[in-house]
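Novice: Quick one: the structure is below, and I'll ask about it shortly.
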Amino acid sequence: MSGALPDTGDLYRIWVYLSTTPLLWLTVTLAAFSLGDLVSLRFRRNPIANPVVISAGLLIALLGFTGTSYQTYFEGAQFVHFLLGPATVALAVPLWRNRAQVRANLLPMCAALVAGSVTAIGSACAIAWVFGAPSEVIASLAAKSVTAPIAMALTDTIGGIPALAAVLVVLTGVFGSIVVTPLMNALRIRDYAARGFAVGVASHGIGTARAFQVSQEAGTFAGIALGLNGALTSVLILVLNLFL
Amino acid sequence: MIQALTLLFLCQLAGEFLVRSLGIVFPGPVVGMGLLFLGMLAAGRAGGPLEKVADTILGHLSLLFVPASVGVVQQIGLIRENWFAIAAALVVSTLLTLVVTVLTFRAVARLTARPVL
C-alpha cells in the first residue's frame with residue numbers, strides 16, 4: 001500500500017478492526033441521533049417525527065446491513081445508555097423547582113396521579129393478558145407510561161424484557177403526544193394544568209415535550225407528573241412484587 | 001460541574017446501596033432521585049452547577065433511549081407473535097390513562113377549589 005488512498009483490502013481490514021471497537025458504534029449512535037433530531041426539527045417537532053424512532057430505525061438498518069450483532073453495537077452504545085441512571089436522579093431538579101406548584105395543587109395532583117398510574121399499569125397488563133400475550137410481554141408493558149430509565153429498571157425487576165419496555169415506552173410517548181391535543185379538545189378540557197398533568201402521567205418525557213409546545217403551564221405540570229409517576233409506579237410495582 | 005456530576009452519581013450510588021442492603025426490588029436511581037430531592041429541600045437550594053448539569057442531561061434525554069431501543073431487534077420475533085395484544089394494550093391504555101387522569105384532576109380541583117376561584 002504505497003498510494004495515498006488505501007485499497008479495498010486495506011479498507012476491509014480497517015473496517016474489521018474499527019467495527020469491533022466501542023468508538024465506532026458510539027460515534028454512529030451520536031450521528032444517527034443528530035440526523036434524527038434534524039429530521040424532527042424539519043418537521044417542526046411534529047410528534048410523529050420522533051428522533052428516537054428515526055435514529056433507532058436507522059441504526060437497526062445499519063446493523064442489519066453490516067451484519068453487526070447487538071452485543072457488538074452495545075459495547076459502544078453502553079456509554080450513552082449508562083447515563084440513564086444519573087438522568088433519573090437529575091429528574092429531582094425540575095421536581096424541586098416546581099415544588100410550590102406541587103404544594104398548591106397537592107390534592108388534585110395526588111388523586112389524578114394515583115388514578116392515572118393505576119389505570120396505566122392495570123389496563124395495559126389486563127388488555128395484553130386478554131389477548132393472550134405471554135407473561136414477559138405483559139411485564140414489559142406494566143411500566144410503559146413511565147420515563148424510560150425508570151421503566152427499564154422496573155421491567156428488569158419484574159421479569160420483563162428491558163429492551164422491549166424501552167421501545168414500548170417510546171411508542172407510548174409518541175402515541176400520547178399525538179392524541180393528547182385532539183382528545184382534550186373533544187373532552188372540552190380548557191384547564192392546561194390538568195391537560196399537562198394527564199399527558200405527563202400517560203406519556204412521560206415525550207408527552208412533556210409536547211405539552212411545552214402547547215403551553216408553559218401544561219409543560220410544567222407534565223414535568224411534575226413525569227417525576228411523580230416514575231416514583232409512584234416504582235412503589236406500586238414494588239408492592240405488587242411483594243404479593244406475587 | 002464535576003462536583004454536580006459527582007453529586008448525581010453519589011445519589012445513584014447511595015440509592016443502589018440502600019435498595020440492595022434492604023433487599024427490596026426497586027430501581028436504585030429512583031431512590032437516588034428521592035434522596036437528591038430531600039437534599040435540596042433540606043438545603044433550600046439546588047445550586048447553579050447542579051441545575052445546569054441536570055438541565056443539560058434532561059435536555060438530551062431522548063438520546064439516552066436510543067441504545068436500548070435498538071435492542072428491539074432482538075425481540076422482533078416476540079413482537080411479531082404478539083403485535084395485536086401489544087398494539088391494543090398500548091393504544092387503549094394510553095387513551096384511558098389520559099382520560100382518567102384529566103377527569104380526576106378536574107373533579108378534585110373543583111371539589112377543593114377555594115371560594116375566591
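Following the order of the C-alpha cells, chains are lettered A, B, ..., residues in each are numbered from 1, and ligands are numbered from 1.
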Sorted by chain and rising residue number, list the residues of chain A at most 7 Å from chain B (counting only C-alpha atoms), each with its closest atom pair and distance in Å to one decimal, as a Markdown table.

Specialist:
| residue | atom | partner | partner_atom | distance |
| --- | --- | --- | --- | --- |
| A:Phe33 | CA | B:Leu63 | CA | 6.4 |
| A:Val52 | CA | B:Val66 | CA | 5.9 |
| A:Ala56 | CA | B:Val70 | CA | 5.2 |
| A:Leu59 | CA | B:Val70 | CA | 6.8 |
| A:Ile60 | CA | B:Val70 | CA | 6.0 |
| A:Tyr70 | CA | B:Gly71 | CA | 6.7 |
| A:Phe74 | CA | B:Pro67 | CA | 6.8 |
| A:Ala77 | CA | B:Pro67 | CA | 5.7 |
| A:Val80 | CA | B:Leu64 | CA | 5.6 |
| A:His81 | CA | B:Leu64 | CA | 5.5 |
| A:Leu83 | CA | B:Leu64 | CA | 6.8 |
| A:Leu84 | CA | B:Leu64 | CA | 6.1 |
| A:Gly85 | CA | B:Pro29 | CA | 5.5 |
| A:Pro86 | CA | B:Leu8 | CA | 5.7 |
| A:Ala87 | CA | B:Ile57 | CA | 6.0 |
| A:Thr88 | CA | B:Pro29 | CA | 5.9 |
| A:Val89 | CA | B:Met33 | CA | 4.0 |
| A:Ala90 | CA | B:Ala54 | CA | 5.0 |
| A:Leu91 | CA | B:Met33 | CA | 6.6 |
| A:Ala92 | CA | B:Phe37 | CA | 5.1 |
| A:Val93 | CA | B:Glu51 | CA | 6.6 |
| A:Trp96 | CA | B:Phe37 | CA | 6.2 |
| A:Leu107 | CA | B:Val108 | CA | 6.9 |
| A:Pro108 | CA | B:Phe105 | CA | 4.8 |
| A:Met109 | CA | B:Phe105 | CA | 6.2 |
| A:Ala111 | CA | B:Thr104 | CA | 6.5 |
| A:Ala112 | CA | B:Thr101 | CA | 4.8 |
| A:Leu113 | CA | B:Thr101 | CA | 6.8 |
| A:Ala115 | CA | B:Thr101 | CA | 6.2 |
| A:Gly116 | CA | B:Thr101 | CA | 4.7 |
| A:Thr119 | CA | B:Thr97 | CA | 5.6 |
| A:Ala120 | CA | B:Thr97 | CA | 5.4 |
| A:Ser123 | CA | B:Ser93 | CA | 5.3 |
| A:Ala124 | CA | B:Ala89 | CA | 4.7 |
| A:Ile127 | CA | B:Ala89 | CA | 5.1 |
| A:Ala128 | CA | B:Ala85 | CA | 4.9 |
| A:Phe131 | CA | B:Ala85 | CA | 5.1 |
| A:Ala133 | CA | B:Asn82 | CA | 6.0 |
| A:Ala148 | CA | B:Phe65 | CA | 6.8 |
| A:Ile150 | CA | B:Pro27 | CA | 6.8 |
| A:Ala153 | CA | B:Pro27 | CA | 5.5 |
| A:Leu154 | CA | B:Pro27 | CA | 6.2 |
| A:Thr157 | CA | B:Val25 | CA | 6.1 |
| A:Ala163 | CA | B:Ala68 | CA | 5.3 |
| A:Leu164 | CA | B:Val72 | CA | 5.8 |
| A:Ala166 | CA | B:Ser69 | CA | 5.7 |
| A:Val167 | CA | B:Ser69 | CA | 5.1 |
| A:Thr172 | CA | B:Leu90 | CA | 6.3 |
| A:Gly176 | CA | B:Thr94 | CA | 6.4 |
| A:Ala194 | CA | B:Val102 | CA | 5.4 |
| A:Arg195 | CA | B:Val102 | CA | 6.1 |
| A:Ala198 | CA | B:Thr101 | CA | 5.1 |
| A:Val199 | CA | B:Leu98 | CA | 6.2 |
| A:Ala202 | CA | B:Thr97 | CA | 5.6 |
| A:Ala231 | CA | B:Val30 | CA | 6.5 |
| A:Ser234 | CA | B:Phe26 | CA | 6.7 |
| A:Leu238 | CA | B:Phe26 | CA | 6.3 |

Novice: Run DSSP on the backbone of this structure and report the residues of chain B it assigns to alpha helix (DSSP H), as a ChimeraX atom specification.

Specialist: /B:2-22,28-43,48-59,61-70,76-81,83-112

Novice: For the residues in the current selection, export C-alpha atoms as a short mmCIF file (atom, residue, chain, number, x, y, z; two decimals), in the first residue's frame.

Specialist:
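Listing of out-v8.cif after writing:
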data_model
loop_
_atom_site.label_atom_id
_atom_site.label_comp_id
_atom_site.auth_asym_id
_atom_site.auth_seq_id
_atom_site.Cartn_x
_atom_site.Cartn_y
_atom_site.Cartn_z
CA ILE B 2 -17.64 17.93 38.09
CA GLN B 3 -18.95 18.33 41.64
CA ALA B 4 -22.55 18.42 40.38
CA LEU B 5 -21.97 15.29 38.28
CA THR B 6 -20.35 13.61 41.27
CA LEU B 7 -23.39 14.50 43.37
CA LEU B 8 -25.72 12.86 40.80
CA PHE B 9 -23.57 9.71 40.73
CA LEU B 10 -23.31 9.69 44.53
CA CYS B 11 -27.10 9.88 44.89
CA GLN B 12 -27.49 6.98 42.45
CA LEU B 13 -24.81 5.00 44.27
CA ALA B 14 -26.50 5.67 47.63
CA GLY B 15 -29.81 4.62 46.08
CA GLU B 16 -28.36 1.35 44.77
CA PHE B 17 -26.71 0.72 48.13
CA LEU B 18 -29.96 1.33 50.05
CA VAL B 19 -32.04 -0.88 47.76
CA ARG B 20 -29.58 -3.75 47.91
CA SER B 21 -28.95 -3.53 51.64
CA LEU B 22 -32.71 -3.51 52.28
CA GLY B 28 -31.79 2.45 42.72
CA PRO B 29 -31.83 5.62 40.56
CA VAL B 30 -35.40 6.38 41.72
CA VAL B 31 -34.23 6.23 45.34
CA GLY B 32 -31.34 8.48 44.27
CA MET B 33 -33.86 10.93 42.81
CA GLY B 34 -35.73 10.95 46.13
CA LEU B 35 -32.50 11.48 48.09
CA LEU B 36 -31.48 14.40 45.88
CA PHE B 37 -34.96 15.94 46.20
CA LEU B 38 -34.85 15.66 50.01
CA GLY B 39 -31.31 17.08 50.00
CA MET B 40 -32.42 20.11 48.00
CA LEU B 41 -35.43 20.62 50.28
CA ALA B 42 -33.13 20.49 53.34
CA ALA B 43 -30.54 22.80 51.75
CA GLY B 48 -26.31 26.74 39.81
CA PRO B 49 -23.92 23.97 38.65
CA LEU B 50 -26.34 21.19 39.65
CA GLU B 51 -29.22 22.89 37.83
CA LYS B 52 -27.02 23.35 34.77
CA VAL B 53 -25.85 19.73 34.69
CA ALA B 54 -29.40 18.43 35.30
CA ASP B 55 -30.81 20.66 32.54
CA THR B 56 -28.09 19.52 30.14
CA ILE B 57 -28.73 15.81 30.76
CA LEU B 58 -32.51 16.16 30.73
CA GLY B 59 -32.36 18.35 27.62
CA LEU B 61 -32.88 12.67 27.45
CA SER B 62 -34.17 11.28 24.13
CA LEU B 63 -30.63 10.37 23.04
CA LEU B 64 -30.22 8.14 26.07
CA PHE B 65 -33.15 5.90 24.95
CA VAL B 66 -31.56 5.08 21.61
CA PRO B 67 -29.20 2.19 22.54
CA ALA B 68 -32.00 0.38 24.39
CA SER B 69 -34.49 0.98 21.57
CA VAL B 70 -32.10 -0.55 19.05
CA ILE B 76 -38.60 -8.92 16.85
CA GLY B 77 -39.99 -12.47 17.00
CA LEU B 78 -41.78 -11.81 20.27
CA ILE B 79 -43.27 -8.59 18.88
CA ARG B 80 -44.39 -10.24 15.64
CA GLU B 81 -46.17 -13.00 17.57
CA TRP B 83 -48.23 -7.43 17.84
CA PHE B 84 -52.00 -7.22 18.21
CA ALA B 85 -52.00 -7.62 22.02
CA ILE B 86 -49.18 -5.06 22.31
CA ALA B 87 -50.81 -2.54 19.97
CA ALA B 88 -54.21 -2.89 21.65
CA ALA B 89 -52.72 -2.53 25.14
CA LEU B 90 -50.67 0.47 24.12
CA VAL B 91 -53.43 2.40 22.35
CA VAL B 92 -56.35 1.68 24.69
CA SER B 93 -54.34 2.01 27.90
CA THR B 94 -52.79 5.34 26.86
CA LEU B 95 -56.16 6.83 25.89
CA LEU B 96 -57.74 5.52 29.10
CA THR B 97 -54.88 6.90 31.24
CA LEU B 98 -55.19 10.35 29.65
CA VAL B 99 -58.96 10.50 30.20
CA VAL B 100 -58.94 9.10 33.76
CA THR B 101 -56.10 11.41 34.85
CA VAL B 102 -57.54 14.61 33.43
CA LEU B 103 -61.08 13.94 34.70
CA THR B 104 -59.83 13.05 38.21
CA PHE B 105 -57.66 16.17 38.30
CA ARG B 106 -60.61 18.40 37.29
CA ALA B 107 -63.08 16.74 39.64
CA VAL B 108 -60.85 17.05 42.71
CA ALA B 109 -59.77 20.59 41.75
CA ARG B 110 -63.44 21.58 41.61
CA LEU B 111 -64.17 19.94 44.98
CA THR B 112 -61.21 21.58 46.72
#

Novice: Work out how far CA of Val169 (chain A) is from CA of Gly196 (chain A), in Å to one decimal.

Specialist: 18.1 Å

Novice: What is the CA of Arg188 (chain A) to CA of Val170 (chain A) distance in Å?

Specialist: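 Taking CA of Arg188 (chain A) and CA of Val170 (chain A), their separation equals 27.2 Å.
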
Novice: For each of A:Ile178, A:Leu228, A:Leu38, A:Val239, take the minimum atom-to-atom distance to Val146 (chain A), counting only C-alpha atoms, then give the residue where this is smallest.

Specialist: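 Counting only C-alpha atoms, the residue closest to Val146 (chain A) is A:Leu228.
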
Novice: As an exercise, work out the distance from CA of Thr208 (chain A) to CA of Leu240 (chain A) in Å and give it to one decimal place.

Specialist: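 Here the two named atoms are 27.4 Å from each other.
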
Novice: Env of Ser117 (chain A): 7 Å cut, atoms = only C-alpha atoms, seq-sep filter 4 positions within chain, self excluded. Answer as a PyMOL selection string.

Specialist: chain A and resi 113+121+201+229+233
